[in-house]
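What's in upload27.csv: CSV, C-alpha atoms
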chain,number,residue,atom,x,y,z
M,1,MET,CA,35.0,-13.2,3.9
M,2,ALA,CA,38.6,-13.8,4.8
M,3,ASP,CA,38.7,-16.9,7.1
M,4,SER,CA,42.3,-16.3,8.1
M,5,ALA,CA,41.5,-12.8,9.3
M,6,VAL,CA,38.5,-14.2,11.3
M,7,HIS,CA,40.7,-16.9,13.0
M,8,ASN,CA,43.3,-14.3,14.0
M,9,ILE,CA,40.6,-12.2,15.7
M,10,PRO,CA,40.4,-13.4,19.3
M,11,SER,CA,43.6,-11.7,20.4
M,12,VAL,CA,42.4,-8.3,19.2
M,13,TYR,CA,38.7,-8.9,19.5
M,14,GLU,CA,36.8,-6.1,21.1
M,15,PRO,CA,33.2,-7.0,21.9
M,16,SER,CA,30.5,-4.8,20.3
M,17,LEU,CA,28.4,-2.9,22.8
M,18,PHE,CA,25.3,-4.4,21.2
M,19,GLY,CA,26.8,-7.8,20.3
M,20,THR,CA,26.5,-7.3,16.6
M,21,TYR,CA,28.1,-5.5,13.6
M,22,SER,CA,27.8,-1.8,12.9
M,23,LYS,CA,25.8,-2.1,9.7
M,24,LYS,CA,23.1,-4.0,11.5
M,25,ILE,CA,23.0,-1.5,14.4
M,26,GLY,CA,22.8,1.3,11.8
M,27,MET,CA,19.8,-0.3,10.1
M,28,TRP,CA,18.1,-0.8,13.5
M,29,LEU,CA,18.6,2.9,14.3
M,30,PHE,CA,17.2,3.8,10.9
M,31,LEU,CA,14.2,1.5,11.4
M,32,LEU,CA,13.6,3.0,14.9
M,33,SER,CA,13.4,6.5,13.3
M,34,ASP,CA,11.3,5.2,10.5
M,35,SER,CA,8.9,3.6,13.0
M,36,LEU,CA,8.3,7.1,14.4
M,37,THR,CA,7.4,8.4,11.0
M,38,PHE,CA,4.8,5.6,10.5
M,39,GLY,CA,3.8,6.0,14.2
M,40,ALA,CA,3.0,9.7,13.6
M,41,LEU,CA,1.1,8.9,10.4
M,42,LEU,CA,-0.9,6.1,12.1
M,43,TYR,CA,-1.7,8.4,15.1
M,44,ALA,CA,-2.7,11.2,12.7
M,45,TYR,CA,-5.1,8.8,11.0
M,46,SER,CA,-6.5,7.6,14.3
M,47,TYR,CA,-6.8,11.2,15.6
M,48,GLY,CA,-8.7,12.2,12.5
M,49,ARG,CA,-11.0,9.2,12.9
M,50,ILE,CA,-11.8,9.9,16.6
M,51,SER,CA,-12.2,13.6,16.2
M,52,THR,CA,-14.3,13.6,13.0
M,53,ALA,CA,-18.0,13.0,13.1
M,54,GLY,CA,-19.3,10.7,10.4
M,55,TRP,CA,-16.0,9.1,9.6
M,56,PRO,CA,-16.7,6.9,6.5
M,57,THR,CA,-16.5,3.1,6.4
M,58,PRO,CA,-16.4,2.8,2.6
M,59,PHE,CA,-14.5,-0.5,2.0
M,60,HIS,CA,-16.6,-3.2,0.3
M,61,SER,CA,-15.8,-6.8,0.7
M,62,GLU,CA,-13.9,-6.7,-2.6
M,63,SER,CA,-11.5,-4.2,-1.1
M,64,ILE,CA,-11.1,-6.2,2.1
M,65,VAL,CA,-10.4,-9.4,0.1
M,66,ASN,CA,-7.8,-7.5,-2.0
M,67,ALA,CA,-6.1,-6.1,1.1
M,68,THR,CA,-6.1,-9.6,2.7
M,69,ILE,CA,-4.4,-11.0,-0.3
M,70,MET,CA,-1.9,-8.1,-0.2
M,71,THR,CA,-1.2,-9.0,3.5
M,72,ALA,CA,-0.7,-12.7,2.6
M,73,PHE,CA,1.8,-11.5,-0.1
M,74,LEU,CA,3.8,-9.5,2.5
M,75,LEU,CA,3.8,-12.3,5.1
M,76,THR,CA,4.9,-14.8,2.5
M,77,SER,CA,7.6,-12.4,1.4
M,78,SER,CA,8.9,-12.2,5.0
M,79,LEU,CA,9.1,-16.0,5.0
M,80,THR,CA,11.1,-16.1,1.8
M,81,MET,CA,13.3,-13.3,3.1
M,82,VAL,CA,14.3,-15.3,6.2
M,83,LEU,CA,15.0,-18.2,4.0
M,84,ALA,CA,17.2,-16.0,1.9
M,85,VAL,CA,19.1,-15.0,5.0
M,86,ARG,CA,19.4,-18.6,6.0
M,87,ALA,CA,20.7,-19.5,2.6
M,88,SER,CA,23.3,-16.7,2.8
M,89,VAL,CA,24.7,-17.8,6.1
M,90,HIS,CA,25.0,-21.3,4.7
M,91,HIS,CA,26.9,-19.8,1.7
M,92,ASP,CA,24.4,-21.2,-0.7
M,93,ALA,CA,24.5,-18.4,-3.3
M,94,LYS,CA,22.0,-19.9,-5.7
M,95,ALA,CA,19.4,-20.4,-3.1
M,96,GLN,CA,20.0,-17.0,-1.7
M,97,THR,CA,19.4,-15.4,-5.1
M,98,LEU,CA,16.3,-17.5,-5.7
M,99,TRP,CA,14.8,-16.7,-2.3
M,100,LEU,CA,15.6,-13.0,-2.8
M,101,LEU,CA,13.9,-13.1,-6.2
M,102,ALA,CA,10.8,-14.8,-4.6
M,103,THR,CA,10.7,-12.0,-2.0
M,104,MET,CA,10.8,-9.4,-4.8
M,105,ILE,CA,8.0,-11.2,-6.7
M,106,CYS,CA,5.8,-11.2,-3.6
M,107,GLY,CA,6.7,-7.5,-3.0
M,108,THR,CA,5.9,-6.6,-6.6
M,109,GLY,CA,2.6,-8.5,-6.3
M,110,PHE,CA,1.7,-6.4,-3.2
M,111,ILE,CA,2.5,-3.2,-5.1
M,112,VAL,CA,0.5,-4.2,-8.2
M,113,LEU,CA,-2.6,-5.1,-6.1
M,114,HIS,CA,-2.2,-1.9,-4.1
M,115,GLY,CA,-1.9,0.1,-7.3
M,116,ARG,CA,-5.0,-1.5,-8.6
M,117,GLU,CA,-6.8,-0.7,-5.4
M,118,TRP,CA,-5.7,3.0,-5.6
M,119,THR,CA,-6.8,3.2,-9.2
M,120,LYS,CA,-10.2,1.8,-8.5
M,121,LEU,CA,-10.8,4.1,-5.5
M,122,ILE,CA,-9.6,7.2,-7.5
M,123,ALA,CA,-11.9,6.2,-10.4
M,124,GLU,CA,-14.8,5.9,-7.9
M,125,GLY,CA,-14.2,9.5,-6.6
M,126,LEU,CA,-11.9,9.1,-3.6
M,127,THR,CA,-9.2,11.5,-4.6
M,128,LEU,CA,-7.0,14.4,-3.5
M,129,SER,CA,-7.0,17.9,-5.0
M,130,MET,CA,-3.4,17.3,-6.1
M,131,PHE,CA,-4.4,14.3,-8.2
M,132,PRO,CA,-5.3,15.1,-11.9
M,133,ALA,CA,-9.0,14.8,-12.6
M,134,VAL,CA,-10.2,11.4,-14.0
M,135,PRO,CA,-12.2,11.7,-17.2
M,136,GLY,CA,-15.9,10.7,-16.6
M,137,GLN,CA,-15.4,10.6,-12.9
M,138,GLU,CA,-18.7,12.4,-12.1
M,139,ALA,CA,-20.7,9.6,-13.7
M,140,ALA,CA,-19.6,7.0,-11.2
M,141,SER,CA,-18.6,8.8,-8.1
M,142,GLU,CA,-19.4,6.5,-5.2
M,143,PHE,CA,-16.7,8.1,-3.1
M,144,ALA,CA,-17.2,11.7,-4.2
M,145,SER,CA,-19.4,12.4,-1.1
M,146,VAL,CA,-16.6,11.0,1.1
M,147,SER,CA,-14.0,13.2,-0.5
M,148,LYS,CA,-16.2,16.3,-0.1
M,149,GLY,CA,-17.7,15.5,3.3
M,150,VAL,CA,-14.7,14.1,5.1
M,151,PRO,CA,-11.6,15.2,3.2
M,152,GLN,CA,-9.4,14.0,6.1
M,153,PHE,CA,-10.2,10.4,5.1
M,154,ALA,CA,-8.7,10.7,1.6
M,155,SER,CA,-5.7,12.7,2.9
M,156,THR,CA,-4.8,10.4,5.6
M,157,PHE,CA,-5.6,7.2,3.6
M,158,PHE,CA,-3.4,8.2,0.6
M,159,THR,CA,-0.6,9.6,2.8
M,160,LEU,CA,-0.3,6.5,5.0
M,161,THR,CA,-0.8,3.9,2.3
M,162,GLY,CA,1.3,5.9,-0.2
M,163,MET,CA,4.2,6.2,2.2
M,164,HIS,CA,4.0,2.4,2.8
M,165,MET,CA,3.9,1.7,-0.9
M,166,LEU,CA,6.9,3.8,-1.4
M,167,HIS,CA,8.8,1.9,1.3
M,168,VAL,CA,7.8,-1.5,-0.3
M,169,THR,CA,8.9,-0.2,-3.7
M,170,LEU,CA,12.3,0.9,-2.3
M,171,GLY,CA,12.5,-2.4,-0.5
M,172,VAL,CA,12.1,-4.4,-3.8
M,173,ILE,CA,14.8,-2.2,-5.4
M,174,TYR,CA,17.1,-2.7,-2.4
M,175,LEU,CA,16.7,-6.5,-2.6
M,176,GLY,CA,17.1,-6.4,-6.4
M,177,VAL,CA,20.5,-4.6,-6.0
M,178,VAL,CA,21.6,-7.2,-3.3
M,179,ALA,CA,20.5,-10.1,-5.4
M,180,LEU,CA,21.5,-9.1,-8.9
M,181,ARG,CA,23.9,-6.1,-8.4
M,182,ARG,CA,24.6,-4.3,-11.7
M,183,LYS,CA,22.4,-6.6,-13.7
M,184,PHE,CA,19.4,-5.1,-11.9
M,185,ILE,CA,19.9,-1.6,-13.2
M,186,PRO,CA,18.6,-2.3,-16.8
M,187,ILE,CA,15.7,-4.3,-15.3
M,188,LEU,CA,14.9,-1.3,-13.2
M,189,LEU,CA,15.0,1.1,-16.2
M,190,GLY,CA,12.8,-1.3,-18.1
M,191,LEU,CA,10.3,-1.4,-15.2
M,192,TRP,CA,10.3,2.4,-15.1
M,193,LEU,CA,9.5,2.6,-18.9
M,194,VAL,CA,6.7,0.1,-18.5
M,195,ALA,CA,5.2,1.8,-15.5
M,196,TRP,CA,5.5,5.2,-17.1
M,197,LEU,CA,4.1,4.3,-20.5
M,198,ALA,CA,1.4,1.8,-19.4
M,199,THR,CA,-0.3,4.2,-17.0
M,200,PRO,CA,-2.6,7.0,-18.2
M,201,ALA,CA,-1.5,10.6,-17.7
M,202,TYR,CA,-4.2,11.2,-15.1
M,203,SER,CA,-3.0,8.4,-12.9
M,204,PRO,CA,-0.7,9.3,-9.9
M,205,PHE,CA,1.4,6.3,-10.9
M,206,HIS,CA,2.3,8.0,-14.2
M,207,TYR,CA,4.4,10.4,-12.2
M,208,GLY,CA,5.1,8.1,-9.3
M,209,ALA,CA,6.9,5.8,-11.8
M,210,HIS,CA,9.8,8.3,-11.9
M,211,VAL,CA,10.8,7.0,-8.4
M,212,LEU,CA,12.1,4.0,-10.3
M,213,LEU,CA,14.2,6.2,-12.6
M,214,ILE,CA,15.6,8.1,-9.7
M,215,ALA,CA,16.3,4.8,-7.9
M,216,ALA,CA,18.1,3.4,-11.0
M,217,ILE,CA,20.3,6.5,-11.2
M,218,VAL,CA,21.2,6.4,-7.5
M,219,CYS,CA,21.8,2.6,-7.5
M,220,GLY,CA,23.9,3.0,-10.6
M,221,ILE,CA,26.1,5.6,-9.0
M,222,ILE,CA,26.5,3.5,-5.8
M,223,LEU,CA,27.3,0.3,-7.7
M,224,TRP,CA,29.8,2.2,-9.9
M,225,LEU,CA,31.5,3.9,-7.0
M,226,LYS,CA,31.5,0.8,-4.7
M,227,PRO,CA,31.1,-2.4,-6.6
M,228,LYS,CA,31.1,-5.4,-4.2
M,229,LEU,CA,29.8,-8.9,-3.7
M,230,TYR,CA,27.1,-8.7,-1.0
M,231,ASP,CA,27.7,-11.2,1.8
M,232,SER,CA,25.4,-12.7,4.5
M,233,SER,CA,25.6,-9.5,6.6
M,234,ASP,CA,24.2,-7.4,3.7
M,235,VAL,CA,21.4,-9.9,3.1
M,236,GLU,CA,20.5,-9.8,6.8
M,237,VAL,CA,20.5,-6.0,6.9
M,238,ALA,CA,18.3,-5.9,3.8
M,239,GLY,CA,16.1,-8.5,5.5
M,240,LEU,CA,15.6,-6.2,8.5
M,241,TYR,CA,14.3,-3.4,6.3
M,242,TRP,CA,12.0,-5.8,4.5
M,243,HIS,CA,10.5,-7.3,7.7
M,244,PHE,CA,10.0,-3.7,9.0
M,245,VAL,CA,7.9,-2.9,6.0
M,246,ASP,CA,5.8,-6.1,6.7
M,247,LEU,CA,5.6,-5.1,10.3
M,248,VAL,CA,4.1,-1.6,9.6
M,249,TRP,CA,1.5,-3.2,7.3
M,250,MET,CA,0.3,-5.3,10.3
M,251,PHE,CA,-1.0,-2.1,11.8
M,252,ILE,CA,-2.2,-0.3,8.6
M,253,PHE,CA,-4.3,-3.3,7.5
M,254,PRO,CA,-6.6,-3.5,10.6
M,255,LEU,CA,-6.6,0.3,11.3
M,256,VAL,CA,-7.3,1.5,7.8
M,257,TYR,CA,-9.1,-1.3,6.0
M,258,LEU,CA,-10.7,-3.6,8.6
M,259,MET,CA,-12.0,-0.8,10.8
M,260,SER,CA,-13.4,1.0,7.8
M,261,ALA,CA,-15.1,-2.1,6.2
M,262,LYS,CA,-18.6,-1.6,4.9
M,263,ILE,CA,-20.8,-4.1,6.8
M,264,LEU,CA,-24.1,-4.6,5.0
S,1,MET,CA,34.3,-4.1,6.6
S,2,ASP,CA,37.3,-4.2,8.9
S,3,THR,CA,38.4,-7.5,10.5
S,4,ILE,CA,36.6,-6.9,13.8
S,5,GLN,CA,33.3,-6.3,11.9
S,6,ILE,CA,33.9,-9.4,9.8
S,7,ALA,CA,34.5,-11.5,12.9
S,8,ILE,CA,31.3,-10.2,14.5
S,9,ALA,CA,29.3,-10.8,11.3
S,10,GLU,CA,30.7,-14.3,11.1
S,11,ARG,CA,29.6,-15.0,14.7
S,12,VAL,CA,26.1,-13.6,14.0
S,13,ALA,CA,26.0,-15.8,10.9
S,14,GLU,CA,27.0,-18.8,13.0
S,15,GLN,CA,24.0,-18.1,15.3
S,16,HIS,CA,21.7,-18.0,12.3
S,17,ARG,CA,23.0,-21.4,11.1
S,18,HIS,CA,21.5,-23.1,14.2
S,19,HIS,CA,17.9,-22.0,13.4
S,20,GLY,CA,15.9,-24.6,11.6
S,21,LYS,CA,13.5,-23.8,8.8
S,22,ALA,CA,10.5,-25.3,10.6
S,23,LEU,CA,10.4,-22.5,13.2
S,24,PHE,CA,10.0,-19.9,10.4
S,25,PHE,CA,7.2,-21.8,8.8
S,26,TRP,CA,5.3,-22.0,12.1
S,27,VAL,CA,5.7,-18.3,12.7
S,28,TRP,CA,4.4,-17.6,9.1
S,29,GLY,CA,1.4,-19.9,9.7
S,30,ALA,CA,0.6,-18.2,13.0
S,31,LEU,CA,0.8,-14.8,11.2
S,32,LEU,CA,-1.5,-15.9,8.4
S,33,LEU,CA,-3.9,-17.5,11.0
S,34,MET,CA,-4.1,-14.3,13.0
S,35,THR,CA,-4.8,-12.3,9.8
S,36,GLY,CA,-7.6,-14.7,9.0
S,37,ILE,CA,-9.1,-14.2,12.5
S,38,GLU,CA,-8.9,-10.4,12.0
S,39,VAL,CA,-10.8,-10.5,8.8
S,40,TYR,CA,-13.4,-12.9,10.3
S,41,LEU,CA,-13.9,-10.5,13.3
S,42,THR,CA,-14.5,-7.6,10.9
S,43,TYR,CA,-17.8,-9.1,9.8
S,44,GLN,CA,-19.1,-10.0,13.2
S,45,ASN,CA,-20.8,-6.7,13.9
S,46,MET,CA,-18.8,-6.0,17.1
S,47,GLN,CA,-18.7,-2.7,18.9
S,48,PRO,CA,-16.0,-0.6,17.3
S,49,VAL,CA,-14.0,0.0,20.5
S,50,LYS,CA,-14.1,-3.7,21.4
S,51,MET,CA,-13.1,-4.7,17.8
S,52,LEU,CA,-10.3,-2.1,17.8
S,53,THR,CA,-9.0,-3.5,21.1
S,54,ILE,CA,-8.9,-7.1,19.7
S,55,LEU,CA,-7.4,-6.1,16.4
S,56,MET,CA,-4.7,-4.0,18.0
S,57,GLY,CA,-4.0,-6.9,20.4
S,58,LEU,CA,-3.6,-9.3,17.5
S,59,SER,CA,-1.5,-6.8,15.6
S,60,LEU,CA,0.9,-6.4,18.6
S,61,ILE,CA,1.3,-10.2,18.8
S,62,LYS,CA,2.0,-10.3,15.1
S,63,ALA,CA,4.5,-7.5,15.4
S,64,ALA,CA,6.2,-9.3,18.3
S,65,LEU,CA,6.5,-12.5,16.2
S,66,ILE,CA,8.0,-10.6,13.3
S,67,ILE,CA,10.4,-8.6,15.4
S,68,GLY,CA,11.4,-11.6,17.6
S,69,TYR,CA,11.8,-14.3,15.0
S,70,PHE,CA,12.0,-12.8,11.5
S,71,MET,CA,14.1,-9.8,12.6
S,72,HIS,CA,16.0,-12.0,15.0
S,73,LEU,CA,15.7,-9.6,18.0
S,74,LYS,CA,14.9,-12.5,20.3
S,75,TYR,CA,18.4,-13.8,19.8
S,76,GLU,CA,20.2,-10.5,20.2
S,77,VAL,CA,21.9,-9.4,23.5
S,78,SER,CA,19.5,-8.0,26.1
S,79,ARG,CA,21.1,-4.6,25.8
S,80,MET,CA,20.1,-4.4,22.2
S,81,LYS,CA,16.6,-5.6,22.9
S,82,TRP,CA,15.9,-3.2,25.7
S,83,LEU,CA,17.4,-0.2,24.1
S,84,THR,CA,15.6,-0.6,20.8
S,85,MET,CA,12.2,-1.5,22.2
S,86,CYS,CA,12.2,0.9,25.1
S,87,SER,CA,13.1,3.9,22.9
S,88,VAL,CA,10.3,3.1,20.4
S,89,VAL,CA,7.7,2.4,23.1
S,90,ALA,CA,8.7,5.6,25.0
S,91,CYS,CA,8.2,7.7,21.8
S,92,LEU,CA,4.9,6.1,21.0
S,93,ILE,CA,3.7,6.7,24.6
S,94,LEU,CA,4.6,10.4,24.2
S,95,MET,CA,2.6,10.5,20.9
S,96,THR,CA,-0.4,8.9,22.7
S,97,ILE,CA,-0.2,11.4,25.5
S,98,PHE,CA,-0.2,14.3,23.1
S,99,PHE,CA,-2.6,13.1,20.5
S,100,PHE,CA,-5.5,11.3,22.0
S,101,PRO,CA,-6.8,13.5,24.9
S,102,ASP,CA,-7.2,16.3,22.3
S,103,ALA,CA,-9.0,14.0,19.9
S,104,PHE,CA,-11.5,13.0,22.5
S,105,ARG,CA,-11.8,16.6,23.6
S,106,ILE,CA,-12.9,17.6,20.1
S,107,LEU,CA,-15.3,14.7,20.0
S,108,TYR,CA,-16.8,15.7,23.4
S,109,LEU,CA,-17.1,19.4,22.4
S,110,GLY,CA,-18.5,18.5,19.0
S,111,VAL,CA,-17.0,19.3,15.6
S,112,LYS,CA,-17.7,22.9,14.6
Entire entry expressed as structure tokens:
Amino acid sequence: MADSAVHNIPSVYEPSLFGTYSKKIGMWLFLLSDSLTFGALLYAYSYGRISTAGWPTPFHSESIVNATIMTAFLLTSSLTMVLAVRASVHHDAKAQTLWLLATMICGTGFIVLHGREWTKLIAEGLTLSMFPAVPGQEAASEFASVSKGVPQFASTFFTLTGMHMLHVTLGVIYLGVVALRRKFIPILLGLWLVAWLATPAYSPFHYGAHVLLIAAIVCGIILWLKPKLYDSSDVEVAGLYWHFVDLVWMFIFPLVYLMSAKIL
Amino acid sequence: MDTIQIAIAERVAEQHRHHGKALFFWVWGALLLMTGIEVYLTYQNMQPVKMLTILMGLSLIKAALIIGYFMHLKYEVSRMKWLTMCSVVACLILMTIFFFPDAFRILYLGVK
């Protein structure tokens, strides 16, 4: 940032209507619109629950523990994110990168645990018609009756949590670009290959992994067209997105998991 | 960014520099604690409506902490606070008005 330019500002300074810079206002506007997307999905889930007789409460304590650890990962990632913003405003580039990487690790932990949860539920019979059939699923289909009896449960569950997982994935990629810039592209391509090759063909993640490839292409084009050093304002704007993803989970966790816990 | 944007960004960064780390750790601790309370309540065999009310109350407090401290909205100018929060709340109220009376109607009439 050019200090001389900053110090010459007062004579031509025109206060912003919202007291902050345009990028941040743009991100807030995006988050407001995105909150309506999640609001609609949460309302659709709640609507289905209220209006459907015999709504299932299928989550064992194992699922609840898993979701609680996922919540802890997201909350911790929000803390590391604010610390990254703090480091960036103090012009501590090393700490900024380290805290951003810590945030990405927590976000990746969340995605891995969520992916494991999805895989387990699908193997137990909670599935959508668009998902490929799992070999040998009939033998251990605890959730098969749920999928057949109340199909709204699987539809709303996978849509809501899938949309959130996509947001977390894009958030990790966003932070990766801010933290590592061009160096992140080969890492992203490596992650795509691992995710694609390590998941079986019947897993939704086998195809979902291509999100990483698309993201690598888009990020590559952006970084090629507009290479830049990201400053504290970029880190703060990325942080706003990340905290929003955390915020949304604070409603998904109790509504979807805790309210559907199987109490023995 | 042009010079005015740089100046505003620098002023915002200056505001951030005054916030100590301890506050963020307290907020993080409070969020974890409330999450623990939510999980504990899940296994207390409460009435669903009562439990939903408590869980949503705690979620709103958690959301307020995240928006206020982590997203820094507490320190923004009041015009920004009011415009962002009022517009979201207004839209969510509209969704509530449209969605829930119908959901309860179906429940009352029975699912065919």
(request) Give me the residues within 9 Å of Gly48 of chain M as a PyMOL selection string, counting all atoms listed in the file and dropping any in the same chain fewer than 4 places off. (result) (chain M and resi 43-44+52+55+152-153+156) or (chain S and resi 103)
Atoms to include: C-alpha atoms. Write the selected residues as an mmCIF file, in the frame of the given file.
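Final output, out-v9.cif:
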data_model
loop_
_atom_site.group_PDB
_atom_site.id
_atom_site.type_symbol
_atom_site.label_atom_id
_atom_site.label_comp_id
_atom_site.auth_asym_id
_atom_site.auth_seq_id
_atom_site.Cartn_x
_atom_site.Cartn_y
_atom_site.Cartn_z
ATOM 1 C CA TYR M 43 -1.700 8.400 15.100
ATOM 2 C CA ALA M 44 -2.700 11.200 12.700
ATOM 3 C CA THR M 52 -14.300 13.600 13.000
ATOM 4 C CA TRP M 55 -16.000 9.100 9.600
ATOM 5 C CA GLN M 152 -9.400 14.000 6.100
ATOM 6 C CA PHE M 153 -10.200 10.400 5.100
ATOM 7 C CA THR M 156 -4.800 10.400 5.600
ATOM 8 C CA ALA S 103 -9.000 14.000 19.900
#
What residues in chain M have any atom no more than 8 Å from chain S when counting all atoms listed in the file, and can you write them as a PDB file with C-alpha atoms, in the frame of the given file?
ATOM      1  CA  MET M   1      35.000 -13.200   3.900  1.00  0.00           C
ATOM      2  CA  ALA M   5      41.500 -12.800   9.300  1.00  0.00           C
ATOM      3  CA  VAL M   6      38.500 -14.200  11.300  1.00  0.00           C
ATOM      4  CA  ILE M   9      40.600 -12.200  15.700  1.00  0.00           C
ATOM      5  CA  TYR M  13      38.700  -8.900  19.500  1.00  0.00           C
ATOM      6  CA  GLU M  14      36.800  -6.100  21.100  1.00  0.00           C
ATOM      7  CA  SER M  16      30.500  -4.800  20.300  1.00  0.00           C
ATOM      8  CA  PHE M  18      25.300  -4.400  21.200  1.00  0.00           C
ATOM      9  CA  GLY M  19      26.800  -7.800  20.300  1.00  0.00           C
ATOM     10  CA  THR M  20      26.500  -7.300  16.600  1.00  0.00           C
ATOM     11  CA  TYR M  21      28.100  -5.500  13.600  1.00  0.00           C
ATOM     12  CA  SER M  22      27.800  -1.800  12.900  1.00  0.00           C
ATOM     13  CA  TRP M  28      18.100  -0.800  13.500  1.00  0.00           C
ATOM     14  CA  LEU M  29      18.600   2.900  14.300  1.00  0.00           C
ATOM     15  CA  LEU M  32      13.600   3.000  14.900  1.00  0.00           C
ATOM     16  CA  SER M  35       8.900   3.600  13.000  1.00  0.00           C
ATOM     17  CA  LEU M  36       8.300   7.100  14.400  1.00  0.00           C
ATOM     18  CA  GLY M  39       3.800   6.000  14.200  1.00  0.00           C
ATOM     19  CA  ALA M  40       3.000   9.700  13.600  1.00  0.00           C
ATOM     20  CA  TYR M  43      -1.700   8.400  15.100  1.00  0.00           C
ATOM     21  CA  TYR M  47      -6.800  11.200  15.600  1.00  0.00           C
ATOM     22  CA  GLY M  48      -8.700  12.200  12.500  1.00  0.00           C
ATOM     23  CA  ILE M  50     -11.800   9.900  16.600  1.00  0.00           C
ATOM     24  CA  SER M  51     -12.200  13.600  16.200  1.00  0.00           C
ATOM     25  CA  THR M  52     -14.300  13.600  13.000  1.00  0.00           C
ATOM     26  CA  ALA M  53     -18.000  13.000  13.100  1.00  0.00           C
ATOM     27  CA  ILE M  64     -11.100  -6.200   2.100  1.00  0.00           C
ATOM     28  CA  THR M  68      -6.100  -9.600   2.700  1.00  0.00           C
ATOM     29  CA  THR M  71      -1.200  -9.000   3.500  1.00  0.00           C
ATOM     30  CA  ALA M  72      -0.700 -12.700   2.600  1.00  0.00           C
ATOM     31  CA  LEU M  75       3.800 -12.300   5.100  1.00  0.00           C
ATOM     32  CA  THR M  76       4.900 -14.800   2.500  1.00  0.00           C
ATOM     33  CA  SER M  78       8.900 -12.200   5.000  1.00  0.00           C
ATOM     34  CA  LEU M  79       9.100 -16.000   5.000  1.00  0.00           C
ATOM     35  CA  VAL M  82      14.300 -15.300   6.200  1.00  0.00           C
ATOM     36  CA  LEU M  83      15.000 -18.200   4.000  1.00  0.00           C
ATOM     37  CA  ARG M  86      19.400 -18.600   6.000  1.00  0.00           C
ATOM     38  CA  VAL M  89      24.700 -17.800   6.100  1.00  0.00           C
ATOM     39  CA  HIS M  90      25.000 -21.300   4.700  1.00  0.00           C
ATOM     40  CA  SER M 232      25.400 -12.700   4.500  1.00  0.00           C
ATOM     41  CA  SER M 233      25.600  -9.500   6.600  1.00  0.00           C
ATOM     42  CA  GLY M 239      16.100  -8.500   5.500  1.00  0.00           C
ATOM     43  CA  LEU M 240      15.600  -6.200   8.500  1.00  0.00           C
ATOM     44  CA  HIS M 243      10.500  -7.300   7.700  1.00  0.00           C
ATOM     45  CA  LEU M 247       5.600  -5.100  10.300  1.00  0.00           C
ATOM     46  CA  MET M 250       0.300  -5.300  10.300  1.00  0.00           C
ATOM     47  CA  PHE M 251      -1.000  -2.100  11.800  1.00  0.00           C
ATOM     48  CA  PRO M 254      -6.600  -3.500  10.600  1.00  0.00           C
ATOM     49  CA  LEU M 255      -6.600   0.300  11.300  1.00  0.00           C
ATOM     50  CA  LEU M 258     -10.700  -3.600   8.600  1.00  0.00           C
ATOM     51  CA  MET M 259     -12.000  -0.800  10.800  1.00  0.00           C
ATOM     52  CA  ALA M 261     -15.100  -2.100   6.200  1.00  0.00           C
ATOM     53  CA  ILE M 263     -20.800  -4.100   6.800  1.00  0.00           C
TER      54      ILE M 263
END
(request) Just give me the gap between atom CA of Thr169 of chain M and atom CA of Asp92 of chain M in Å, one decimal is fine. (result)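 Separation of atom CA of Thr169 of chain M and atom CA of Asp92 of chain M: 26.3 Å.
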(request) Figure out the distance between atom CA of Leu180 of chain M and atom CA of Trp99 of chain M, please, to one decimal in Å. (result)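 Answer for the atom CA of Trp99 of chain M to atom CA of Leu180 of chain M separation: 12.1 Å.
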(request) Work out how far apart atom CA of Tyr230 of chain M and atom CA of Val248 of chain M are and give it in Å to one decimal. (result) 26.3 Å
(message) as a list in words, please: the residues near Thr97 of chain M (cut-off 9 Å, only C-alpha atoms, same-chain neighbours under 3 positions excluded).
(response) Ala84, Ala87, Ser88, Asp92, Ala93, Lys94, Leu100, Leu101, Ala102, Val178, Ala179 and Leu180 of chain M
(request) Pick out the closest residue to Tyr174 of chain M from this set: M:Ile25, M:Val134, M:Ala95, M:Ile222. Count all atoms listed in the file. (result)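 Checking each candidate against Tyr174 of chain M, we get M:Ile222 as the closest.
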(message) With distances taken over all atoms listed in the file, which residue among M:His60, M:Arg181, M:His91, M:Lys148 lies nearest Leu121 of chain M?
(response)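 For Leu121 of chain M, the nearest of the given residues is M:His60.
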